[in-house]
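**Student:** Below is my_file.pdb; it holds PDB, C-alpha atoms, pLDDT in the B column.
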```
ATOM      1  CA  MET A   1       0.000   0.000   0.000  1.00 43.00           C
ATOM      2  CA  ILE A   2       1.287   3.463  -0.919  1.00 64.00           C
ATOM      3  CA  ASP A   3       1.575   5.853   2.002  1.00 85.00           C
ATOM      4  CA  LEU A   4       0.005   9.284   1.967  1.00 93.00           C
ATOM      5  CA  ILE A   5       1.911  12.076   3.636  1.00 95.00           C
ATOM      6  CA  ARG A   6       0.738  15.596   4.428  1.00 96.00           C
ATOM      7  CA  ILE A   7       2.950  18.419   3.186  1.00 97.00           C
ATOM      8  CA  PRO A   8       2.685  22.205   2.795  1.00 97.00           C
ATOM      9  CA  ILE A   9       1.321  23.133  -0.640  1.00 97.00           C
ATOM     10  CA  PHE A  10       1.941  26.180  -2.833  1.00 97.00           C
ATOM     11  CA  PRO A  11      -0.486  26.062  -5.810  1.00 96.00           C
ATOM     12  CA  LEU A  12       1.084  27.654  -8.907  1.00 97.00           C
ATOM     13  CA  ALA A  13       0.696  27.383 -12.691  1.00 95.00           C
ATOM     14  CA  ILE A  14       4.186  25.870 -13.071  1.00 96.00           C
ATOM     15  CA  PHE A  15       5.379  22.268 -13.098  1.00 97.00           C
ATOM     16  CA  PRO A  16       9.089  21.905 -12.253  1.00 97.00           C
ATOM     17  CA  LEU A  17      10.726  18.533 -12.902  1.00 97.00           C
ATOM     18  CA  PRO A  18      13.214  16.767 -10.617  1.00 97.00           C
ATOM     19  CA  GLY A  19      16.618  18.434 -10.701  1.00 94.00           C
ATOM     20  CA  GLU A  20      15.242  21.766 -11.965  1.00 96.00           C
ATOM     21  CA  MET A  21      15.920  25.048 -10.168  1.00 97.00           C
ATOM     22  CA  VAL A  22      13.059  27.571 -10.187  1.00 97.00           C
ATOM     23  CA  PRO A  23      12.997  31.245  -9.139  1.00 98.00           C
ATOM     24  CA  LEU A  24       9.959  32.383  -7.130  1.00 97.00           C
ATOM     25  CA  HIS A  25       8.839  35.768  -5.834  1.00 97.00           C
ATOM     26  CA  ILE A  26       7.154  35.331  -2.437  1.00 97.00           C
ATOM     27  CA  PHE A  27       4.792  38.129  -1.403  1.00 96.00           C
ATOM     28  CA  GLU A  28       1.552  36.809   0.156  1.00 96.00           C
ATOM     29  CA  PRO A  29       1.657  36.582   3.988  1.00 96.00           C
ATOM     30  CA  ARG A  30       0.789  32.867   3.986  1.00 96.00           C
ATOM     31  CA  TYR A  31       3.636  31.998   1.626  1.00 97.00           C
ATOM     32  CA  ARG A  32       6.034  34.266   3.512  1.00 96.00           C
ATOM     33  CA  GLN A  33       5.168  32.081   6.508  1.00 96.00           C
ATOM     34  CA  LEU A  34       5.882  28.977   4.391  1.00 97.00           C
ATOM     35  CA  LEU A  35       9.249  30.455   3.367  1.00 96.00           C
ATOM     36  CA  GLU A  36      10.081  31.109   7.016  1.00 96.00           C
ATOM     37  CA  ASP A  37       9.268  27.484   7.904  1.00 96.00           C
ATOM     38  CA  ALA A  38      11.218  26.145   4.917  1.00 95.00           C
ATOM     39  CA  GLU A  39      14.211  28.239   5.937  1.00 94.00           C
ATOM     40  CA  LYS A  40      14.144  27.543   9.688  1.00 95.00           C
ATOM     41  CA  ARG A  41      13.110  23.887   9.651  1.00 93.00           C
ATOM     42  CA  ASP A  42      14.570  22.828   6.265  1.00 91.00           C
ATOM     43  CA  ILE A  43      11.262  21.334   5.138  1.00 93.00           C
ATOM     44  CA  ALA A  44      10.238  20.377   1.630  1.00 96.00           C
ATOM     45  CA  PHE A  45       6.951  21.653   0.253  1.00 97.00           C
ATOM     46  CA  GLY A  46       4.810  20.958  -2.771  1.00 98.00           C
ATOM     47  CA  ILE A  47       4.186  23.144  -5.783  1.00 98.00           C
ATOM     48  CA  PHE A  48       0.849  21.835  -7.027  1.00 97.00           C
ATOM     49  CA  PHE A  49       0.503  22.389 -10.792  1.00 97.00           C
ATOM     50  CA  ASN A  50      -2.706  24.410 -10.658  1.00 94.00           C
ATOM     51  CA  HIS A  51      -4.074  23.977 -14.188  1.00 94.00           C
ATOM     52  CA  THR A  52      -7.230  22.417 -15.648  1.00 94.00           C
ATOM     53  CA  SER A  53      -5.136  20.042 -17.801  1.00 94.00           C
ATOM     54  CA  ASN A  54      -3.636  18.495 -14.652  1.00 96.00           C
ATOM     55  CA  THR A  55      -6.371  15.885 -14.273  1.00 95.00           C
ATOM     56  CA  LYS A  56      -4.088  13.414 -12.456  1.00 95.00           C
ATOM     57  CA  LYS A  57      -3.189  16.092  -9.867  1.00 97.00           C
ATOM     58  CA  PHE A  58       0.589  16.092 -10.236  1.00 97.00           C
ATOM     59  CA  GLY A  59       2.849  18.437  -8.363  1.00 98.00           C
ATOM     60  CA  SER A  60       6.532  19.011  -7.632  1.00 98.00           C
ATOM     61  CA  LEU A  61       8.195  18.421  -4.279  1.00 98.00           C
ATOM     62  CA  VAL A  62      10.709  21.249  -3.799  1.00 98.00           C
ATOM     63  CA  LYS A  63      13.265  22.406  -1.252  1.00 97.00           C
ATOM     64  CA  LEU A  64      14.537  25.906  -0.634  1.00 97.00           C
ATOM     65  CA  GLU A  65      17.908  26.292  -2.342  1.00 97.00           C
ATOM     66  CA  SER A  66      18.665  29.954  -1.629  1.00 97.00           C
ATOM     67  CA  ILE A  67      17.182  33.346  -0.842  1.00 97.00           C
ATOM     68  CA  ILE A  68      18.319  35.811  -3.480  1.00 97.00           C
ATOM     69  CA  LYS A  69      16.814  39.019  -2.105  1.00 97.00           C
ATOM     70  CA  ARG A  70      14.695  40.145   0.824  1.00 96.00           C
ATOM     71  CA  TYR A  71      12.515  43.246   0.540  1.00 96.00           C
ATOM     72  CA  PRO A  72      11.636  45.672   3.374  1.00 95.00           C
ATOM     73  CA  GLY A  73       7.941  44.675   3.242  1.00 92.00           C
ATOM     74  CA  GLY A  74       8.715  40.988   3.867  1.00 91.00           C
ATOM     75  CA  GLU A  75       8.688  39.847   0.242  1.00 96.00           C
ATOM     76  CA  ALA A  76      11.534  37.710  -1.064  1.00 97.00           C
ATOM     77  CA  ASP A  77      13.046  36.330  -4.261  1.00 97.00           C
ATOM     78  CA  ILE A  78      14.065  32.721  -3.789  1.00 98.00           C
ATOM     79  CA  ILE A  79      15.338  29.689  -5.691  1.00 98.00           C
ATOM     80  CA  VAL A  80      13.813  26.261  -5.059  1.00 98.00           C
ATOM     81  CA  LYS A  81      15.004  22.918  -6.401  1.00 98.00           C
ATOM     82  CA  CYS A  82      12.591  20.186  -7.433  1.00 97.00           C
ATOM     83  CA  VAL A  83      13.531  16.930  -5.705  1.00 97.00           C
ATOM     84  CA  ASP A  84      10.571  14.728  -6.680  1.00 97.00           C
ATOM     85  CA  ILE A  85       7.070  14.494  -8.149  1.00 97.00           C
ATOM     86  CA  PHE A  86       3.857  13.749  -6.244  1.00 97.00           C
ATOM     87  CA  THR A  87       0.197  13.116  -6.885  1.00 97.00           C
ATOM     88  CA  MET A  88      -2.239  14.930  -4.636  1.00 97.00           C
ATOM     89  CA  GLU A  89      -5.152  13.120  -3.043  1.00 96.00           C
ATOM     90  CA  SER A  90      -6.658  16.088  -1.189  1.00 95.00           C
ATOM     91  CA  LEU A  91      -5.988  19.768  -0.573  1.00 95.00           C
ATOM     92  CA  GLN A  92      -6.729  21.498   2.740  1.00 95.00           C
ATOM     93  CA  ARG A  93      -7.156  25.247   3.125  1.00 94.00           C
ATOM     94  CA  THR A  94      -4.555  25.281   5.911  1.00 93.00           C
ATOM     95  CA  TYR A  95      -1.634  23.060   6.907  1.00 93.00           C
ATOM     96  CA  LYS A  96      -1.806  22.240  10.624  1.00 91.00           C
ATOM     97  CA  ASP A  97      -1.942  25.622  12.431  1.00 93.00           C
ATOM     98  CA  LYS A  98      -0.387  27.576   9.540  1.00 95.00           C
ATOM     99  CA  LEU A  99      -1.786  30.156   7.126  1.00 95.00           C
ATOM    100  CA  TYR A 100      -0.670  28.249   4.026  1.00 96.00           C
ATOM    101  CA  PRO A 101      -2.452  25.243   2.455  1.00 97.00           C
ATOM    102  CA  GLY A 102      -1.518  21.610   2.930  1.00 96.00           C
ATOM    103  CA  GLY A 103      -2.215  18.452   1.018  1.00 96.00           C
ATOM    104  CA  ASP A 104      -2.195  14.691   1.320  1.00 97.00           C
ATOM    105  CA  VAL A 105       0.159  13.412  -1.365  1.00 97.00           C
ATOM    106  CA  THR A 106       1.830  10.274  -2.648  1.00 97.00           C
ATOM    107  CA  ILE A 107       5.501  10.754  -3.552  1.00 96.00           C
ATOM    108  CA  CYS A 108       6.496   9.188  -6.889  1.00 93.00           C
ATOM    109  CA  THR A 109      10.221   8.734  -6.048  1.00 90.00           C
ATOM    110  CA  ALA A 110      11.918   9.940  -9.232  1.00 92.00           C
ATOM    111  CA  ASP A 111      15.348   8.399  -9.840  1.00 91.00           C
ATOM    112  CA  LEU A 112      17.855  10.999 -11.067  1.00 91.00           C
ATOM    113  CA  GLN A 113      20.672   8.433 -10.879  1.00 91.00           C
ATOM    114  CA  LYS A 114      19.141   5.960 -13.345  1.00 93.00           C
ATOM    115  CA  PRO A 115      21.000   6.464 -16.636  1.00 93.00           C
ATOM    116  CA  VAL A 116      19.236   6.556 -19.984  1.00 93.00           C
ATOM    117  CA  SER A 117      19.939   3.943 -22.645  1.00 92.00           C
ATOM    118  CA  LYS A 118      23.105   4.234 -24.752  1.00 92.00           C
ATOM    119  CA  ALA A 119      21.054   5.088 -27.849  1.00 91.00           C
ATOM    120  CA  MET A 120      19.256   7.877 -26.004  1.00 92.00           C
ATOM    121  CA  TYR A 121      22.528   9.173 -24.580  1.00 91.00           C
ATOM    122  CA  LYS A 122      24.038   9.377 -28.107  1.00 91.00           C
ATOM    123  CA  GLU A 123      21.004  11.282 -29.440  1.00 91.00           C
ATOM    124  CA  PHE A 124      21.163  13.690 -26.509  1.00 92.00           C
ATOM    125  CA  GLU A 125      24.907  14.187 -26.910  1.00 90.00           C
ATOM    126  CA  SER A 126      24.403  14.967 -30.612  1.00 89.00           C
ATOM    127  CA  TYR A 127      21.653  17.460 -29.726  1.00 89.00           C
ATOM    128  CA  LEU A 128      23.940  19.210 -27.215  1.00 89.00           C
ATOM    129  CA  LYS A 129      26.722  19.452 -29.823  1.00 88.00           C
ATOM    130  CA  GLN A 130      24.241  21.139 -32.141  1.00 86.00           C
ATOM    131  CA  LEU A 131      23.639  23.669 -29.355  1.00 83.00           C
ATOM    132  CA  GLN A 132      27.403  23.897 -28.748  1.00 83.00           C
ATOM    133  CA  ILE A 133      27.017  22.731 -25.142  1.00 80.00           C
ATOM    134  CA  ASN A 134      29.622  20.502 -23.497  1.00 79.00           C
ATOM    135  CA  ARG A 135      28.334  18.188 -20.743  1.00 71.00           C
ATOM    136  CA  THR A 136      30.352  16.669 -17.951  1.00 63.00           C
ATOM    137  CA  SER A 137      30.420  12.897 -17.670  1.00 63.00           C
ATOM    138  CA  GLU A 138      27.756  12.847 -14.930  1.00 78.00           C
ATOM    139  CA  VAL A 139      24.908  10.346 -15.070  1.00 84.00           C
ATOM    140  CA  ILE A 140      22.242  11.507 -17.516  1.00 90.00           C
ATOM    141  CA  SER A 141      18.693  10.548 -16.529  1.00 93.00           C
ATOM    142  CA  VAL A 142      15.442  11.197 -18.359  1.00 95.00           C
ATOM    143  CA  PHE A 143      14.915  14.136 -15.987  1.00 95.00           C
ATOM    144  CA  HIS A 144      18.234  15.748 -16.971  1.00 93.00           C
ATOM    145  CA  ILE A 145      17.208  15.524 -20.619  1.00 94.00           C
ATOM    146  CA  ALA A 146      13.671  16.813 -19.975  1.00 95.00           C
ATOM    147  CA  ASN A 147      15.090  19.833 -18.134  1.00 93.00           C
ATOM    148  CA  GLU A 148      17.581  20.549 -20.916  1.00 91.00           C
ATOM    149  CA  LEU A 149      14.775  20.520 -23.496  1.00 92.00           C
ATOM    150  CA  SER A 150      12.808  23.260 -21.672  1.00 85.00           C
ATOM    151  CA  LEU A 151       9.513  21.470 -22.218  1.00 93.00           C
ATOM    152  CA  ASP A 152       6.327  23.480 -21.869  1.00 94.00           C
ATOM    153  CA  ASN A 153       3.917  22.539 -19.069  1.00 94.00           C
ATOM    154  CA  GLN A 154       1.742  20.351 -21.314  1.00 94.00           C
ATOM    155  CA  ASP A 155       4.767  18.357 -22.505  1.00 95.00           C
ATOM    156  CA  ARG A 156       5.963  18.041 -18.905  1.00 96.00           C
ATOM    157  CA  LEU A 157       2.599  16.502 -17.995  1.00 96.00           C
ATOM    158  CA  LYS A 158       2.737  14.112 -20.971  1.00 95.00           C
ATOM    159  CA  PHE A 159       6.272  13.115 -19.989  1.00 96.00           C
ATOM    160  CA  ILE A 160       5.371  12.410 -16.346  1.00 96.00           C
ATOM    161  CA  GLU A 161       2.127  10.644 -17.304  1.00 93.00           C
ATOM    162  CA  SER A 162       4.039   8.315 -19.668  1.00 91.00           C
ATOM    163  CA  GLU A 163       4.987   4.886 -18.448  1.00 89.00           C
ATOM    164  CA  THR A 164       8.657   4.738 -17.465  1.00 83.00           C
ATOM    165  CA  GLU A 165       9.646   2.698 -20.527  1.00 83.00           C
ATOM    166  CA  LYS A 166       7.935   5.201 -22.848  1.00 94.00           C
ATOM    167  CA  GLN A 167       9.512   8.353 -21.358  1.00 94.00           C
ATOM    168  CA  GLU A 168      12.680   7.963 -23.452  1.00 94.00           C
ATOM    169  CA  ALA A 169      10.660   7.645 -26.660  1.00 94.00           C
ATOM    170  CA  PHE A 170       8.712  10.781 -25.763  1.00 96.00           C
ATOM    171  CA  LEU A 171      11.922  12.751 -25.122  1.00 96.00           C
ATOM    172  CA  LEU A 172      13.547  11.363 -28.267  1.00 94.00           C
ATOM    173  CA  SER A 173      10.687  12.756 -30.360  1.00 93.00           C
ATOM    174  CA  ARG A 174      11.165  16.182 -28.734  1.00 94.00           C
ATOM    175  CA  ILE A 175      14.947  16.096 -29.298  1.00 93.00           C
ATOM    176  CA  ARG A 176      14.464  15.272 -32.982  1.00 91.00           C
ATOM    177  CA  TYR A 177      11.823  17.975 -33.398  1.00 90.00           C
ATOM    178  CA  GLN A 178      14.004  20.661 -31.769  1.00 88.00           C
ATOM    179  CA  SER A 179      17.022  19.520 -33.814  1.00 86.00           C
ATOM    180  CA  ARG A 180      15.023  19.916 -37.040  1.00 87.00           C
ATOM    181  CA  LEU A 181      13.936  23.406 -35.973  1.00 85.00           C
ATOM    182  CA  MET A 182      17.566  24.391 -35.349  1.00 80.00           C
ATOM    183  CA  LEU A 183      18.652  23.000 -38.740  1.00 80.00           C
ATOM    184  CA  GLU A 184      15.873  24.919 -40.516  1.00 77.00           C
ATOM    185  CA  ALA A 185      16.823  28.118 -38.685  1.00 72.00           C
ATOM    186  CA  GLU A 186      20.459  27.593 -39.711  1.00 71.00           C
ATOM    187  CA  LYS A 187      19.456  27.045 -43.367  1.00 69.00           C
ATOM    188  CA  SER A 188      17.309  30.185 -43.409  1.00 66.00           C
ATOM    189  CA  LYS A 189      20.311  32.301 -42.376  1.00 65.00           C
ATOM    190  CA  ASP A 190      21.874  31.550 -45.763  1.00 60.00           C
ATOM    191  CA  LEU A 191      18.749  32.654 -47.636  1.00 59.00           C
ATOM    192  CA  PHE A 192      18.608  36.199 -46.300  1.00 57.00           C
ATOM    193  CA  HIS A 193      21.209  38.756 -47.217  1.00 55.00           C
ATOM    194  CA  LEU A 194      21.528  42.082 -45.487  1.00 56.00           C
ATOM    195  CA  ASN A 195      22.185  45.111 -47.659  1.00 53.00           C
TER     196      ASN A 195
END
```
Using structure tokens, write down the structure that the file contains.
**Tutor:**
Amino acid sequence: MIDLIRIPIFPLAIFPLPGEMVPLHIFEPRYRQLLEDAEKRDIAFGIFFNHTSNTKKFGSLVKLESIIKRYPGGEADIIVKCVDIFTMESLQRTYKDKLYPGGDVTICTADLQKPVSKAMYKEFESYLKQLQINRTSEVISVFHIANELSLDNQDRLKFIESETEKQEAFLLSRIRYQSRLMLEAEKSKDLFHLN
């Protein structure tokens, strides 16, 4: 049986993937309280992807990475890092005795250390060369590739909703599509001459 846990929730129209760093501007009193708790108690919290297309109720488990700037009125610019994905069973208006919401979630346990297949790695390496990006020899997971591709929120949902064995195929189609776009853009440079 899969265990439900209750975590603080921050509903937003974004869907970070594991390994991704995201900047946030915190200004509402309830989320300033959440930031204070995340900073003092080193807790993770959920960013629930608040969009009508999110029918399976996915969200991102994030941890505070750094506070970039604090403002006199209590607002702050922060960076959070996505550490996992969850599905939300229920959302409560408040979390325990706090101002911010909470939710009962099931953590999906994303594996950022599971390498992609050799064929996928070669395709990704070729794509990075096209972009003139050199990668270190770290383990490359499907999440590393998904983050590098800058998928829109709908593609992120499709990727996460895919069965594990189909995630590589999904990303491969996106790599090939973006590679074709770059080749076409490169060809069009030769067609236009500036006077």
**Student:** Can you translate the PyMOL selection byres ((chain A and resi 107-113) around 9) into the concrete residues it hits in this file, as a PyMOL selection string?
**Tutor:** chain A and resi 2-5+18-19+61+83-88+105-106+114-115+139-144
**Student:** Care to translate the PyMOL selection byres ((chain A and resi 78) around 8) into actual residues of this file, as a PDB file with C-alpha atoms, in the frame of the given file?
**Tutor:**
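Now in selection_31.pdb:
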```pdb
ATOM      1  CA  PRO A  23      12.997  31.245  -9.139  1.00 98.00           C
ATOM      2  CA  LEU A  24       9.959  32.383  -7.130  1.00 97.00           C
ATOM      3  CA  HIS A  25       8.839  35.768  -5.834  1.00 97.00           C
ATOM      4  CA  ILE A  26       7.154  35.331  -2.437  1.00 97.00           C
ATOM      5  CA  LEU A  64      14.537  25.906  -0.634  1.00 97.00           C
ATOM      6  CA  GLU A  65      17.908  26.292  -2.342  1.00 97.00           C
ATOM      7  CA  SER A  66      18.665  29.954  -1.629  1.00 97.00           C
ATOM      8  CA  ILE A  67      17.182  33.346  -0.842  1.00 97.00           C
ATOM      9  CA  ILE A  68      18.319  35.811  -3.480  1.00 97.00           C
ATOM     10  CA  LYS A  69      16.814  39.019  -2.105  1.00 97.00           C
ATOM     11  CA  ALA A  76      11.534  37.710  -1.064  1.00 97.00           C
ATOM     12  CA  ASP A  77      13.046  36.330  -4.261  1.00 97.00           C
ATOM     13  CA  ILE A  79      15.338  29.689  -5.691  1.00 98.00           C
ATOM     14  CA  VAL A  80      13.813  26.261  -5.059  1.00 98.00           C
TER      15      VAL A  80
END
```
**Student:** By how many Å are CA of Ile14 (chain A) and CA of Arg41 (chain A) apart?
**Tutor:** 24.5 Å
**Student:** Could you make a table, as JSON lines, of the residues of region 8-124 of chain A that have an atom within 9 Å of an atom of region 155-162 of chain A, each with its nearest atom pair and distance in Å to one decimal, counting all atoms listed in the file, in chain and number order?
**Tutor:**
```
{"residue": "A:Phe15", "atom": "CA", "partner": "A:Arg156", "partner_atom": "CA", "distance": 7.2}
{"residue": "A:Pro16", "atom": "CA", "partner": "A:Arg156", "partner_atom": "CA", "distance": 8.3}
{"residue": "A:Leu17", "atom": "CA", "partner": "A:Arg156", "partner_atom": "CA", "distance": 7.7}
{"residue": "A:Ser53", "atom": "CA", "partner": "A:Leu157", "partner_atom": "CA", "distance": 8.5}
{"residue": "A:Asn54", "atom": "CA", "partner": "A:Leu157", "partner_atom": "CA", "distance": 7.4}
{"residue": "A:Lys56", "atom": "CA", "partner": "A:Glu161", "partner_atom": "CA", "distance": 8.4}
{"residue": "A:Phe58", "atom": "CA", "partner": "A:Leu157", "partner_atom": "CA", "distance": 8.0}
{"residue": "A:Ile85", "atom": "CA", "partner": "A:Ile160", "partner_atom": "CA", "distance": 8.6}
```
**Student:** Apply the PyMOL selection byres ((chain A and resi 10) around 7) to the file shown and report the selected residues as a list in words.
**Tutor:**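 That expression, the PyMOL selection byres ((chain A and resi 10) around 7), corresponds here to Pro8, Ile9, Pro11, Leu12, Gly46, Ile47, Phe48 and Pro101 of chain A.
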**Student:** So which one's closest to Leu131 (chain A), A:Ala38, A:Lys166, A:Asp97, A:Glu148? Using only C-alpha atoms, please.
**Tutor:** A:Glu148
**Student:** With all atoms listed in the file as the basis for distance, which of A:Phe49, A:Glu28, A:Arg174, A:Tyr71 is at the shortest distance from Asn147 (chain A)?
**Tutor:** A:Arg174
**Student:** Considering only C-alpha atoms, can you say which of A:Glu123, A:Glu184, A:Asp104, A:Glu75 comes closest to Arg30 (chain A)?
**Tutor:**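 Smallest separation from Arg30 (chain A) among the options: A:Glu75.
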**Student:** Here is a test: counting all atoms listed in the file, which residue of A:Glu125, A:Gly102, A:Asn153, A:Met120 is nearest to Leu171 (chain A)?
**Tutor:**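 So, comparing all the options, the nearest one is A:Met120.
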**Student:** Pick out the closest residue to Glu89 (chain A) from this set: A:Ala119, A:Ala185, A:Ile7, A:Leu172. Count only C-alpha atoms.
**Tutor:**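 Using only C-alpha atoms, Glu89 (chain A) sits closest to A:Ile7.
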**Student:** So which one's closest to Gly59 (chain A), A:Val116, A:Ala146, A:Ala13, A:Leu35? Using only C-alpha atoms, please.
**Tutor:**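 Looking only at the distances to Gly59 (chain A), the closest residue turns out to be A:Ala13.
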**Student:** Provide the CA of Phe124 (chain A) to CA of Lys63 (chain A) distance in Å, to one decimal place.
**Tutor:**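 Straight-line distance from CA of Phe124 (chain A) to CA of Lys63 (chain A) works out to 27.9 Å.
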**Student:** Suppose you want the space between CA of Met21 (chain A) and CA of Ser60 (chain A); what is it in Å?
**Tutor:**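 Interatomic distance here is 11.4 Å.
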**Student:** What box, with edges along x, y and z, holds each listed atom of region 67-77 of chain A when 8 Å is added on every side, and can you state its centre and edge lengths in Å to one decimal, as AutoDock Vina command-line options?
**Tutor:**
```
--center_x 13.1 --center_y 39.5 --center_z -0.2 --size_x 26.4 --size_y 28.3 --size_z 24.1
```
